[in-house]
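Below is coords-v7.pdb, holding PDB, C-alpha atoms and all ligand atoms.
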ATOM      1  CA  MET A 364      46.415  82.219 -66.069
ATOM      2  CA  THR A 365      50.127  81.622 -66.711
ATOM      3  CA  ALA A 366      51.534  80.786 -70.142
ATOM      4  CA  ALA A 367      52.167  77.319 -68.781
ATOM      5  CA  THR A 368      48.635  76.587 -67.589
ATOM      6  CA  SER A 369      47.145  77.948 -70.798
ATOM      7  CA  ASN A 370      48.706  74.947 -72.557
ATOM      8  CA  ARG A 371      46.868  72.415 -70.359
ATOM      9  CA  ASN A 372      45.238  69.609 -72.359
ATOM     10  CA  ILE A 373      46.621  70.606 -75.769
ATOM     11  CA  PRO A 374      48.549  67.448 -76.629
ATOM     12  CA  GLU A 375      49.660  68.537 -80.081
ATOM     13  CA  LEU A 376      51.903  71.190 -78.547
ATOM     14  CA  GLY A 377      54.011  68.482 -76.899
ATOM     15  CA  ALA A 378      53.994  69.022 -73.145
ATOM     16  CA  ILE A 379      57.772  68.707 -72.850
ATOM     17  CA  ARG A 380      60.445  68.873 -75.507
ATOM     18  CA  PHE A 381      64.215  68.293 -75.389
ATOM     19  CA  GLU A 382      66.102  69.449 -78.477
ATOM     20  CA  ASN A 383      69.722  68.364 -78.860
ATOM     21  CA  VAL A 384      70.340  68.643 -75.125
ATOM     22  CA  THR A 385      73.836  67.993 -73.857
ATOM     23  CA  LYS A 386      74.604  68.406 -70.162
ATOM     24  CA  THR A 387      78.113  68.177 -68.816
ATOM     25  CA  PHE A 388      79.311  68.284 -65.227
ATOM     26  CA  GLY A 389      83.044  68.970 -65.531
ATOM     27  CA  SER A 390      84.393  66.078 -67.585
ATOM     28  CA  VAL A 391      81.207  63.975 -67.178
ATOM     29  CA  THR A 392      78.673  64.022 -70.011
ATOM     30  CA  ALA A 393      75.374  63.260 -68.255
ATOM     31  CA  LEU A 394      73.161  63.889 -71.317
ATOM     32  CA  ASP A 395      74.526  63.524 -74.816
ATOM     33  CA  ASP A 396      72.565  65.246 -77.614
ATOM     34  CA  VAL A 397      69.134  64.197 -76.325
ATOM     35  CA  SER A 398      66.119  65.017 -78.499
ATOM     36  CA  VAL A 399      62.809  63.699 -77.233
ATOM     37  CA  SER A 400      59.295  64.986 -76.847
ATOM     38  CA  PHE A 401      56.616  63.934 -74.351
ATOM     39  CA  ALA A 402      52.941  64.299 -75.253
ATOM     40  CA  ALA A 403      50.512  65.661 -72.676
ATOM     41  CA  ASN A 404      48.407  63.426 -70.426
ATOM     42  CA  LYS A 405      50.571  60.312 -70.753
ATOM     43  CA  ILE A 406      52.648  58.265 -68.340
ATOM     44  CA  ASN A 407      56.241  58.248 -69.579
ATOM     45  CA  VAL A 408      58.844  56.046 -67.905
ATOM     46  CA  LEU A 409      62.605  56.611 -68.120
ATOM     47  CA  LEU A 410      64.660  53.431 -67.815
ATOM     48  CA  GLY A 411      68.432  53.043 -67.705
ATOM     49  CA  LEU A 412      71.355  51.966 -65.570
ATOM     50  CA  SER A 413      72.504  54.040 -62.625
ATOM     51  CA  GLY A 414      74.294  57.085 -63.991
ATOM     52  CA  SER A 415      72.599  56.916 -67.414
ATOM     53  CA  GLY A 416      71.121  60.420 -66.960
ATOM     54  CA  LYS A 417      67.523  59.851 -65.781
ATOM     55  CA  SER A 418      67.577  62.266 -62.833
ATOM     56  CA  THR A 419      69.499  64.815 -64.864
ATOM     57  CA  MET A 420      66.774  64.684 -67.496
ATOM     58  CA  LEU A 421      63.997  65.133 -64.908
ATOM     59  CA  ARG A 422      65.817  68.080 -63.358
ATOM     60  CA  HIS A 423      65.932  69.854 -66.725
ATOM     61  CA  ILE A 424      62.139  69.733 -66.997
ATOM     62  CA  ASN A 425      61.580  72.079 -64.038
ATOM     63  CA  GLY A 426      64.779  74.058 -64.512
ATOM     64  CA  LEU A 427      66.757  72.637 -61.583
ATOM     65  CA  HIS A 428      69.399  72.085 -64.276
ATOM     66  CA  LYS A 429      69.938  74.024 -67.483
ATOM     67  CA  PRO A 430      71.441  72.427 -70.577
ATOM     68  CA  SER A 431      75.064  73.026 -71.496
ATOM     69  CA  LYS A 432      73.846  72.919 -75.111
ATOM     70  CA  GLY A 433      70.392  72.661 -76.693
ATOM     71  CA  GLY A 434      66.925  73.589 -75.451
ATOM     72  CA  VAL A 435      64.191  72.300 -73.145
ATOM     73  CA  TRP A 436      60.571  73.448 -73.411
ATOM     74  CA  THR A 437      58.139  72.586 -70.627
ATOM     75  CA  LEU A 438      54.482  73.522 -71.193
ATOM     76  CA  GLY A 439      55.662  76.058 -73.763
ATOM     77  CA  THR A 440      58.242  77.684 -71.451
ATOM     78  CA  PRO A 441      61.821  77.719 -72.765
ATOM     79  CA  VAL A 442      63.468  76.417 -69.593
ATOM     80  CA  HIS A 443      66.998  76.855 -70.992
ATOM     81  CA  SER A 444      66.616  80.643 -71.180
ATOM     82  CA  ALA A 445      64.027  81.233 -68.436
ATOM     83  CA  GLY A 446      64.829  83.591 -65.564
ATOM     84  CA  ALA A 447      64.136  82.911 -61.889
ATOM     85  CA  ALA A 448      60.608  84.399 -61.873
ATOM     86  CA  THR A 449      59.509  82.388 -64.909
ATOM     87  CA  LEU A 450      60.917  79.217 -63.395
ATOM     88  CA  ARG A 451      59.087  79.871 -60.117
ATOM     89  CA  GLY A 452      55.840  80.161 -62.102
ATOM     90  CA  LEU A 453      56.604  77.014 -64.076
ATOM     91  CA  ARG A 454      57.322  75.032 -60.896
ATOM     92  CA  ASN A 455      53.755  75.688 -59.737
ATOM     93  CA  ASP A 456      52.681  73.629 -62.746
ATOM     94  CA  VAL A 457      55.285  70.894 -62.266
ATOM     95  CA  GLY A 458      55.054  68.706 -59.148
ATOM     96  CA  MET A 459      57.896  66.419 -58.143
ATOM     97  CA  ILE A 460      58.287  63.362 -55.935
ATOM     98  CA  PHE A 461      61.535  61.673 -54.962
ATOM     99  CA  GLN A 462      62.910  58.309 -53.888
ATOM    100  CA  GLN A 463      63.605  59.642 -50.364
ATOM    101  CA  PHE A 464      60.207  61.438 -50.078
ATOM    102  CA  HIS A 465      61.811  64.659 -48.723
ATOM    103  CA  LEU A 466      59.175  65.192 -46.027
ATOM    104  CA  VAL A 467      59.931  67.146 -42.850
ATOM    105  CA  GLU A 468      59.734  64.218 -40.456
ATOM    106  CA  SER A 469      59.120  66.301 -37.326
ATOM    107  CA  MET A 470      56.117  68.077 -38.928
ATOM    108  CA  SER A 471      52.602  66.700 -39.012
ATOM    109  CA  VAL A 472      51.473  64.911 -42.141
ATOM    110  CA  LEU A 473      48.922  67.664 -42.832
ATOM    111  CA  GLU A 474      51.471  70.472 -42.549
ATOM    112  CA  ASN A 475      53.796  68.605 -44.918
ATOM    113  CA  VAL A 476      51.001  68.565 -47.496
ATOM    114  CA  CYS A 477      50.323  72.283 -46.928
ATOM    115  CA  THR A 478      53.975  73.059 -47.764
ATOM    116  CA  GLY A 479      53.150  72.048 -51.351
ATOM    117  CA  LYS A 480      51.337  75.404 -51.577
ATOM    118  CA  LEU A 481      54.289  77.513 -50.422
ATOM    119  CA  GLY A 482      55.208  78.389 -54.012
ATOM    120  CA  SER A 483      51.937  80.272 -54.447
ATOM    121  CA  LEU A 484      51.636  81.836 -50.951
ATOM    122  CA  ARG A 485      53.309  85.087 -49.940
ATOM    123  CA  GLY A 486      55.743  85.054 -47.043
ATOM    124  CA  PRO A 487      56.960  82.308 -44.713
ATOM    125  CA  ARG A 488      54.677  80.020 -42.672
ATOM    126  CA  PHE A 489      55.306  78.868 -39.122
ATOM    127  CA  GLY A 490      53.146  75.935 -38.141
ATOM    128  CA  LEU A 491      49.983  74.373 -39.515
ATOM    129  CA  TRP A 492      47.664  77.117 -38.281
ATOM    130  CA  SER A 493      49.578  79.804 -40.172
ATOM    131  CA  TYR A 494      48.262  78.368 -43.451
ATOM    132  CA  PRO A 495      44.954  79.762 -44.742
ATOM    133  CA  ARG A 496      41.981  77.598 -43.880
ATOM    134  CA  ALA A 497      41.369  76.895 -47.589
ATOM    135  CA  VAL A 498      44.873  75.441 -47.872
ATOM    136  CA  ARG A 499      44.382  73.225 -44.807
ATOM    137  CA  GLU A 500      41.080  72.002 -46.237
ATOM    138  CA  ALA A 501      42.657  71.319 -49.640
ATOM    139  CA  ALA A 502      45.449  69.408 -47.884
ATOM    140  CA  MET A 503      42.884  67.250 -46.042
ATOM    141  CA  GLU A 504      41.160  66.528 -49.364
ATOM    142  CA  GLN A 505      44.410  65.396 -50.946
ATOM    143  CA  LEU A 506      45.229  63.255 -47.907
ATOM    144  CA  ALA A 507      41.838  61.591 -48.231
ATOM    145  CA  ARG A 508      42.580  60.865 -51.895
ATOM    146  CA  VAL A 509      45.780  59.054 -50.997
ATOM    147  CA  GLY A 510      44.021  57.170 -48.174
ATOM    148  CA  LEU A 511      45.736  58.887 -45.238
ATOM    149  CA  ALA A 512      43.172  61.303 -43.804
ATOM    150  CA  ASP A 513      43.343  59.441 -40.482
ATOM    151  CA  LYS A 514      47.087  60.192 -40.203
ATOM    152  CA  ALA A 515      46.766  63.968 -40.709
ATOM    153  CA  PHE A 516      47.973  64.974 -37.237
ATOM    154  CA  GLN A 517      50.642  62.307 -36.851
ATOM    155  CA  ARG A 518      54.333  63.208 -37.261
ATOM    156  CA  ALA A 519      55.418  62.354 -40.814
ATOM    157  CA  GLY A 520      58.515  60.520 -39.560
ATOM    158  CA  THR A 521      56.345  57.937 -37.812
ATOM    159  CA  LEU A 522      54.784  56.686 -41.081
ATOM    160  CA  SER A 523      55.993  53.750 -43.162
ATOM    161  CA  GLY A 524      57.911  54.408 -46.378
ATOM    162  CA  GLY A 525      54.883  53.686 -48.544
ATOM    163  CA  GLN A 526      52.741  56.019 -46.463
ATOM    164  CA  GLN A 527      55.406  58.752 -46.626
ATOM    165  CA  GLN A 528      55.468  58.501 -50.407
ATOM    166  CA  ARG A 529      51.673  58.866 -50.430
ATOM    167  CA  VAL A 530      52.023  62.040 -48.365
ATOM    168  CA  ALA A 531      54.616  63.306 -50.857
ATOM    169  CA  ILE A 532      52.144  62.605 -53.661
ATOM    170  CA  ALA A 533      49.437  64.562 -51.788
ATOM    171  CA  ARG A 534      51.930  67.421 -51.312
ATOM    172  CA  ALA A 535      52.594  67.478 -55.068
ATOM    173  CA  LEU A 536      48.878  67.281 -55.907
ATOM    174  CA  ILE A 537      47.860  70.236 -53.746
ATOM    175  CA  GLN A 538      49.751  72.402 -56.270
ATOM    176  CA  ARG A 539      47.273  71.204 -58.930
ATOM    177  CA  PRO A 540      50.191  70.442 -61.276
ATOM    178  CA  THR A 541      49.933  69.731 -64.989
ATOM    179  CA  VAL A 542      53.157  67.713 -65.014
ATOM    180  CA  LEU A 543      54.319  65.272 -62.335
ATOM    181  CA  LEU A 544      57.990  64.285 -62.188
ATOM    182  CA  ALA A 545      58.758  61.150 -60.195
ATOM    183  CA  ASP A 546      62.406  60.293 -59.552
ATOM    184  CA  GLU A 547      62.533  56.585 -58.672
ATOM    185  CA  PRO A 548      59.413  56.879 -56.508
ATOM    186  CA  VAL A 549      59.411  53.247 -55.382
ATOM    187  CA  ALA A 550      63.154  52.527 -55.138
ATOM    188  CA  SER A 551      63.109  52.599 -51.319
ATOM    189  CA  LEU A 552      59.915  50.571 -50.906
ATOM    190  CA  ASP A 553      59.106  46.884 -50.432
ATOM    191  CA  PRO A 554      57.219  45.198 -53.305
ATOM    192  CA  LEU A 555      53.790  45.517 -51.684
ATOM    193  CA  SER A 556      54.182  49.225 -50.870
ATOM    194  CA  SER A 557      55.646  49.795 -54.367
ATOM    195  CA  ALA A 558      52.615  48.239 -55.985
ATOM    196  CA  GLY A 559      50.319  50.449 -53.862
ATOM    197  CA  VAL A 560      52.210  53.632 -54.763
ATOM    198  CA  ILE A 561      52.278  52.767 -58.488
ATOM    199  CA  GLU A 562      48.569  51.971 -58.447
ATOM    200  CA  LEU A 563      47.892  55.309 -56.734
ATOM    201  CA  LEU A 564      50.064  57.206 -59.229
ATOM    202  CA  THR A 565      48.283  55.542 -62.133
ATOM    203  CA  ARG A 566      44.804  56.327 -60.784
ATOM    204  CA  ILE A 567      45.618  59.938 -59.937
ATOM    205  CA  SER A 568      47.431  60.572 -63.224
ATOM    206  CA  ARG A 569      44.399  59.390 -65.163
ATOM    207  CA  GLU A 570      41.940  61.327 -62.960
ATOM    208  CA  GLU A 571      43.948  64.563 -63.254
ATOM    209  CA  ASN A 572      45.107  64.108 -66.870
ATOM    210  CA  LEU A 573      48.658  64.526 -65.634
ATOM    211  CA  THR A 574      51.698  64.309 -67.849
ATOM    212  CA  VAL A 575      53.943  61.984 -65.842
ATOM    213  CA  ILE A 576      57.678  61.517 -66.349
ATOM    214  CA  CYS A 577      58.908  58.836 -63.982
ATOM    215  CA  SER A 578      62.321  57.218 -63.676
ATOM    216  CA  LEU A 579      62.329  53.587 -62.592
ATOM    217  CA  HIS A 580      64.702  50.664 -62.166
ATOM    218  CA  GLN A 581      62.003  47.980 -62.160
ATOM    219  CA  VAL A 582      61.308  46.832 -65.725
ATOM    220  CA  PRO A 583      58.136  44.842 -64.868
ATOM    221  CA  ILE A 584      56.606  47.916 -63.234
ATOM    222  CA  ALA A 585      57.582  50.060 -66.230
ATOM    223  CA  LEU A 586      55.939  47.646 -68.673
ATOM    224  CA  GLU A 587      52.761  47.631 -66.602
ATOM    225  CA  PHE A 588      52.590  51.335 -65.716
ATOM    226  CA  ALA A 589      53.918  53.236 -68.747
ATOM    227  CA  ASP A 590      52.180  54.502 -71.849
ATOM    228  CA  ARG A 591      55.613  55.087 -73.262
ATOM    229  CA  ILE A 592      59.148  54.004 -72.408
ATOM    230  CA  VAL A 593      62.271  56.048 -73.041
ATOM    231  CA  GLY A 594      65.552  54.221 -72.483
ATOM    232  CA  LEU A 595      68.786  56.034 -71.640
ATOM    233  CA  ASN A 596      72.269  54.597 -71.887
ATOM    234  CA  ALA A 597      75.332  56.718 -71.083
ATOM    235  CA  GLY A 598      73.279  59.889 -71.514
ATOM    236  CA  ARG A 599      71.812  58.982 -74.888
ATOM    237  CA  VAL A 600      68.268  57.969 -75.836
ATOM    238  CA  VAL A 601      68.538  54.375 -77.058
ATOM    239  CA  LEU A 602      64.829  53.476 -77.025
ATOM    240  CA  ASP A 603      61.650  55.498 -77.388
ATOM    241  CA  ARG A 604      58.453  53.475 -77.909
ATOM    242  CA  PRO A 605      54.869  53.107 -76.762
ATOM    243  CA  ALA A 606      54.856  50.538 -73.956
ATOM    244  CA  ALA A 607      51.875  48.559 -75.286
ATOM    245  CA  GLY A 608      53.008  45.143 -76.472
ATOM    246  CA  MET A 609      56.617  45.615 -75.317
ATOM    247  CA  THR A 610      58.415  42.717 -73.636
ATOM    248  CA  HIS A 611      61.431  42.343 -71.335
ATOM    249  CA  ASP A 612      63.516  41.465 -74.403
ATOM    250  CA  ASP A 613      62.615  44.760 -76.079
ATOM    251  CA  VAL A 614      63.835  46.608 -73.015
ATOM    252  CA  ASP A 615      67.025  44.568 -72.435
ATOM    253  CA  GLY A 616      68.991  46.510 -75.047
ATOM    254  CA  ILE A 617      68.740  49.651 -72.902
ATOM    255  CA  TYR A 618      71.086  48.052 -70.417
ATOM    256  CA  ALA A 619      73.745  46.859 -72.888
ATOM    257  CA  PRO A 620      77.190  48.328 -72.252
ATOM    258  CA  ILE A 621      78.217  50.912 -74.838
ATOM    259  CA  PRO A 622      81.797  50.213 -76.014
ATOM    260  CA  VAL A 623      84.165  52.839 -74.609
ATOM    261  CA  ASP A 624      85.623  53.708 -78.048
ATOM    262  CA  GLU A 625      82.113  54.306 -79.434
ATOM    263  CA  ARG A 626      81.331  56.561 -76.448
ATOM    264  CA  THR A 627      84.495  58.565 -77.015
ATOM    265  CA  GLU A 628      83.729  58.884 -80.710
ATOM    266  CA  LEU A 629      80.152  60.071 -79.991
ATOM    267  CA  ALA A 630      81.246  62.417 -77.244
ATOM    268  CA  GLY A 631      83.966  63.896 -79.503
TER
HETATM  269  N1  LIG A 701      75.371  67.734 -59.820
HETATM  270  C1  LIG A 701      76.215  66.890 -60.406
HETATM  271  N2  LIG A 701      77.540  67.098 -60.390
HETATM  272  C2  LIG A 701      78.405  66.258 -60.993
HETATM  273  N3  LIG A 701      78.018  65.140 -61.668
HETATM  274  C3  LIG A 701      76.715  64.878 -61.710
HETATM  275  C4  LIG A 701      75.739  65.722 -61.098
HETATM  276  N4  LIG A 701      74.494  65.203 -61.327
HETATM  277  C5  LIG A 701      74.691  64.077 -62.047
HETATM  278  N5  LIG A 701      76.017  63.881 -62.280
HETATM  279  C6  LIG A 701      76.599  62.781 -63.052
HETATM  280  O1  LIG A 701      75.856  62.679 -64.254
HETATM  281  C7  LIG A 701      75.662  61.309 -64.594
HETATM  282  C8  LIG A 701      74.179  61.013 -64.691
HETATM  283  O2  LIG A 701      73.628  61.061 -63.364
HETATM  284  P1  LIG A 701      72.081  60.868 -63.054
HETATM  285  O3  LIG A 701      71.912  61.100 -61.584
HETATM  286  O4  LIG A 701      71.288  61.687 -63.982
HETATM  287  O5  LIG A 701      71.862  59.331 -63.406
HETATM  288  P2  LIG A 701      70.620  58.383 -63.095
HETATM  289  O6  LIG A 701      70.355  57.618 -64.321
HETATM  290  O7  LIG A 701      69.513  59.188 -62.511
HETATM  291  O8  LIG A 701      71.227  57.430 -61.971
HETATM  292  P3  LIG A 701      70.462  56.664 -60.754
HETATM  293  O9  LIG A 701      69.621  55.620 -61.394
HETATM  294  O10 LIG A 701      71.585  56.097 -59.946
HETATM  295  O11 LIG A 701      69.696  57.717 -60.008
HETATM  296  C9  LIG A 701      76.389  60.491 -63.545
HETATM  297  O12 LIG A 701      77.699  60.201 -64.023
HETATM  298  C10 LIG A 701      76.465  61.438 -62.359
HETATM  299  O13 LIG A 701      77.552  61.150 -61.535
END

What would the structure in this file look like if it were written as structure tokens?
Ligand SMILES: Nc1ncnc2c1ncn2[C@@H]1O[C@H](COP(=O)(O)OP(=O)(O)OP(=O)(O)O)[C@@H](O)[C@H]1O
Amino acid sequence: MTAATSNRNIPELGAIRFENVTKTFGSVTALDDVSVSFAANKINVLLGLSGSGKSTMLRHINGLHKPSKGGVWTLGTPVHSAGAATLRGLRNDVGMIFQQFHLVESMSVLENVCTGKLGSLRGPRFGLWSYPRAVREAAMEQLARVGLADKAFQRAGTLSGGQQQRVAIARALIQRPTVLLADEPVASLDPLSSAGVIELLTRISREENLTVICSLHQVPIALEFADRIVGLNAGRVVLDRPAAGMTHDDVDGIYAPIPVDERTELAG
């Protein structure tokens, strides 16, 4: 058992913690002294304008980015100081889905799901039949959970956007993650497919006791889906509240422009 998995289901540890995190890319400050902590087994939604730092925050959780200043702890692992081997181990516990699905379109649906296991298999794989039988069976199980068992041998590129996102969810689930990061998972989907994907994410998160951190642009979906809402504006946390009882008005302030002189003052 890894250090990360040993923390499963211990909410008081705080599944994920950002302490005074600043991230700069050249002259751009993407995150500005962010301190926030996410409890285990909850659905957390990040809201904010384009460029407010949502993706940057998600990418710190699994170590795709490291802070310029401050610290990030994911499932007890200090991501800011972790080496490559520790991060590889951590990423087995942290699944991720993306707006653009990132499936290999020419591969079968089933093989795409199997690739979710690559992090814990030794050596490369060439084709579906090069995966152990147990992995192929686990992939079929996950496809059944997302309602796509009948598409297993179809090329992924032939599926609709909503179906492709379901495959991406199955690919993340086959890892048996503790944390699921979702970067605008419904931004490319029509309203009906979006609703289906959000409903699936909600059901699976509850069934698996996942800690979900999901960035969204759709406020109504956030209010419906989230246990907690964290609002970002120009790289700073401007709202952090349980979602229960929140209204559109409560959320509107997240999107207010921050005066340039105030930004300069805070950045300086
Ligand atoms: N790798 C990078 N190199 C340079 N600048 C970057 C990089 N990643 C992010 N940024 C910048 O950091 C800021 C925050 O970007 P980020 O992608 O986190 O925002 P976001 O809230 O996720 O936006 P969106 O809703 O459009 O996805 C932006 O100004 C962006 O241009």

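Proximal residues of ligand LIG 701 (chain A) are Phe388, Val391, Thr392, Ala393, Gly411, Leu412, Ser413, Gly414, Ser415, Gly416, Lys417, Ser418, Thr419, Met420 and Gly598 of chain A, by a cut-off of 7 Å on only C-alpha atoms and all ligand atoms.
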
**OP:** Evaluate the PyMOL selection byres (((chain A and resi 449) around 12) and not hetatm) on the structure here and hand back the selected residues as a VMD selection string.
**Re:** chain A and resid 365 to 367 425 to 426 437 to 448 450 to 456

Export, as a PDB file, keeping the file's coordinate frame, the selected residues with C-alpha atoms.
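Printed below is out-v5.pdb as written:
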ATOM      1  CA  THR A 365      50.127  81.622 -66.711  1.00  0.00           C
ATOM      2  CA  ALA A 366      51.534  80.786 -70.142  1.00  0.00           C
ATOM      3  CA  ALA A 367      52.167  77.319 -68.781  1.00  0.00           C
ATOM      4  CA  ASN A 425      61.580  72.079 -64.038  1.00  0.00           C
ATOM      5  CA  GLY A 426      64.779  74.058 -64.512  1.00  0.00           C
ATOM      6  CA  THR A 437      58.139  72.586 -70.627  1.00  0.00           C
ATOM      7  CA  LEU A 438      54.482  73.522 -71.193  1.00  0.00           C
ATOM      8  CA  GLY A 439      55.662  76.058 -73.763  1.00  0.00           C
ATOM      9  CA  THR A 440      58.242  77.684 -71.451  1.00  0.00           C
ATOM     10  CA  PRO A 441      61.821  77.719 -72.765  1.00  0.00           C
ATOM     11  CA  VAL A 442      63.468  76.417 -69.593  1.00  0.00           C
ATOM     12  CA  HIS A 443      66.998  76.855 -70.992  1.00  0.00           C
ATOM     13  CA  SER A 444      66.616  80.643 -71.180  1.00  0.00           C
ATOM     14  CA  ALA A 445      64.027  81.233 -68.436  1.00  0.00           C
ATOM     15  CA  GLY A 446      64.829  83.591 -65.564  1.00  0.00           C
ATOM     16  CA  ALA A 447      64.136  82.911 -61.889  1.00  0.00           C
ATOM     17  CA  ALA A 448      60.608  84.399 -61.873  1.00  0.00           C
ATOM     18  CA  LEU A 450      60.917  79.217 -63.395  1.00  0.00           C
ATOM     19  CA  ARG A 451      59.087  79.871 -60.117  1.00  0.00           C
ATOM     20  CA  GLY A 452      55.840  80.161 -62.102  1.00  0.00           C
ATOM     21  CA  LEU A 453      56.604  77.014 -64.076  1.00  0.00           C
ATOM     22  CA  ARG A 454      57.322  75.032 -60.896  1.00  0.00           C
ATOM     23  CA  ASN A 455      53.755  75.688 -59.737  1.00  0.00           C
ATOM     24  CA  ASP A 456      52.681  73.629 -62.746  1.00  0.00           C
TER      25      ASP A 456
END

Kindly provide, as AutoDock Vina command-line options, the centre and edge lengths (Å, one decimal) of an axis-aligned box around all atoms of segment 500-518 of chain A given in the file, with 5 Å on each side.
--center_x 47.7 --center_y 64.6 --center_z -44.4 --size_x 23.3 --size_y 24.8 --size_z 25.0

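The residue that comes closest to Ile406 of chain A, out of A:Ala378, A:Lys514, A:Glu474, A:Pro620 and on the basis of all atoms listed in the file, is A:Ala378.
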
The residue from A:Ala497, A:Val582, A:Val560, A:Met470 with the smallest atom-to-atom distance to Ile532 of chain A, counting all atoms listed in the file, is A:Val560

- Contacts of Ser557 of chain A within 10 Å, all atoms listed in the file, excl. fewer than 3 positions in-chain, as a PyMOL selection string: chain A and resi 524-525+528+548-554+560-563+584

Mind checking which residues fall within 10 Å of Arg508 of chain A, counting only C-alpha atoms, ignoring those fewer than 6 positions away in the same chain, and posting them as an MDAnalysis selection string? chainID A and resid 502 529 532:533 536 563 567

Since the input lacks atoms, please generate N, CA and C atoms for segment 486-506 of chain A and provide them as a PDB file, in the frame of the given file.
ATOM      1  N   GLY A 486      55.141  85.049 -48.372  1.00  0.00           N
ATOM      2  CA  GLY A 486      55.743  85.054 -47.043  1.00  0.00           C
ATOM      3  C   GLY A 486      55.904  83.671 -46.443  1.00  0.00           C
ATOM      4  N   PRO A 487      56.706  83.600 -45.356  1.00  0.00           N
ATOM      5  CA  PRO A 487      56.960  82.308 -44.713  1.00  0.00           C
ATOM      6  C   PRO A 487      55.763  81.857 -43.876  1.00  0.00           C
ATOM      7  N   ARG A 488      55.748  80.581 -43.527  1.00  0.00           N
ATOM      8  CA  ARG A 488      54.677  80.020 -42.672  1.00  0.00           C
ATOM      9  C   ARG A 488      55.334  79.331 -41.487  1.00  0.00           C
ATOM     10  N   PHE A 489      54.772  79.517 -40.316  1.00  0.00           N
ATOM     11  CA  PHE A 489      55.306  78.868 -39.122  1.00  0.00           C
ATOM     12  C   PHE A 489      54.188  78.074 -38.467  1.00  0.00           C
ATOM     13  N   GLY A 490      54.141  76.798 -38.759  1.00  0.00           N
ATOM     14  CA  GLY A 490      53.146  75.935 -38.141  1.00  0.00           C
ATOM     15  C   GLY A 490      51.883  75.816 -38.985  1.00  0.00           C
ATOM     16  N   LEU A 491      51.176  74.717 -38.728  1.00  0.00           N
ATOM     17  CA  LEU A 491      49.983  74.373 -39.515  1.00  0.00           C
ATOM     18  C   LEU A 491      48.953  75.492 -39.556  1.00  0.00           C
ATOM     19  N   TRP A 492      48.766  76.148 -38.375  1.00  0.00           N
ATOM     20  CA  TRP A 492      47.664  77.117 -38.281  1.00  0.00           C
ATOM     21  C   TRP A 492      47.995  78.433 -38.971  1.00  0.00           C
ATOM     22  N   SER A 493      49.236  78.579 -39.430  1.00  0.00           N
ATOM     23  CA  SER A 493      49.578  79.804 -40.172  1.00  0.00           C
ATOM     24  C   SER A 493      49.197  79.689 -41.652  1.00  0.00           C
ATOM     25  N   TYR A 494      48.744  78.512 -42.069  1.00  0.00           N
ATOM     26  CA  TYR A 494      48.262  78.368 -43.451  1.00  0.00           C
ATOM     27  C   TYR A 494      46.792  78.783 -43.512  1.00  0.00           C
ATOM     28  N   PRO A 495      46.369  79.410 -44.626  1.00  0.00           N
ATOM     29  CA  PRO A 495      44.954  79.762 -44.742  1.00  0.00           C
ATOM     30  C   PRO A 495      44.084  78.505 -44.616  1.00  0.00           C
ATOM     31  N   ARG A 496      42.902  78.708 -44.087  1.00  0.00           N
ATOM     32  CA  ARG A 496      41.981  77.598 -43.880  1.00  0.00           C
ATOM     33  C   ARG A 496      41.745  76.824 -45.190  1.00  0.00           C
ATOM     34  N   ALA A 497      41.633  77.553 -46.301  1.00  0.00           N
ATOM     35  CA  ALA A 497      41.369  76.895 -47.589  1.00  0.00           C
ATOM     36  C   ALA A 497      42.499  75.931 -47.948  1.00  0.00           C
ATOM     37  N   VAL A 498      43.727  76.317 -47.571  1.00  0.00           N
ATOM     38  CA  VAL A 498      44.873  75.441 -47.872  1.00  0.00           C
ATOM     39  C   VAL A 498      44.807  74.188 -46.991  1.00  0.00           C
ATOM     40  N   ARG A 499      44.476  74.391 -45.707  1.00  0.00           N
ATOM     41  CA  ARG A 499      44.382  73.225 -44.807  1.00  0.00           C
ATOM     42  C   ARG A 499      43.274  72.279 -45.276  1.00  0.00           C
ATOM     43  N   GLU A 500      42.181  72.858 -45.756  1.00  0.00           N
ATOM     44  CA  GLU A 500      41.080  72.002 -46.237  1.00  0.00           C
ATOM     45  C   GLU A 500      41.486  71.259 -47.515  1.00  0.00           C
ATOM     46  N   ALA A 501      42.196  71.963 -48.405  1.00  0.00           N
ATOM     47  CA  ALA A 501      42.657  71.319 -49.640  1.00  0.00           C
ATOM     48  C   ALA A 501      43.638  70.192 -49.302  1.00  0.00           C
ATOM     49  N   ALA A 502      44.471  70.428 -48.289  1.00  0.00           N
ATOM     50  CA  ALA A 502      45.449  69.408 -47.884  1.00  0.00           C
ATOM     51  C   ALA A 502      44.725  68.171 -47.345  1.00  0.00           C
ATOM     52  N   MET A 503      43.665  68.394 -46.566  1.00  0.00           N
ATOM     53  CA  MET A 503      42.884  67.250 -46.042  1.00  0.00           C
ATOM     54  C   MET A 503      42.266  66.467 -47.195  1.00  0.00           C
ATOM     55  N   GLU A 504      41.763  67.205 -48.200  1.00  0.00           N
ATOM     56  CA  GLU A 504      41.160  66.528 -49.364  1.00  0.00           C
ATOM     57  C   GLU A 504      42.172  65.648 -50.066  1.00  0.00           C
ATOM     58  N   GLN A 505      43.383  66.182 -50.248  1.00  0.00           N
ATOM     59  CA  GLN A 505      44.410  65.396 -50.946  1.00  0.00           C
ATOM     60  C   GLN A 505      44.828  64.196 -50.096  1.00  0.00           C
ATOM     61  N   LEU A 506      44.876  64.393 -48.771  1.00  0.00           N
ATOM     62  CA  LEU A 506      45.229  63.255 -47.907  1.00  0.00           C
ATOM     63  C   LEU A 506      44.173  62.164 -47.996  1.00  0.00           C
TER      64      LEU A 506
END
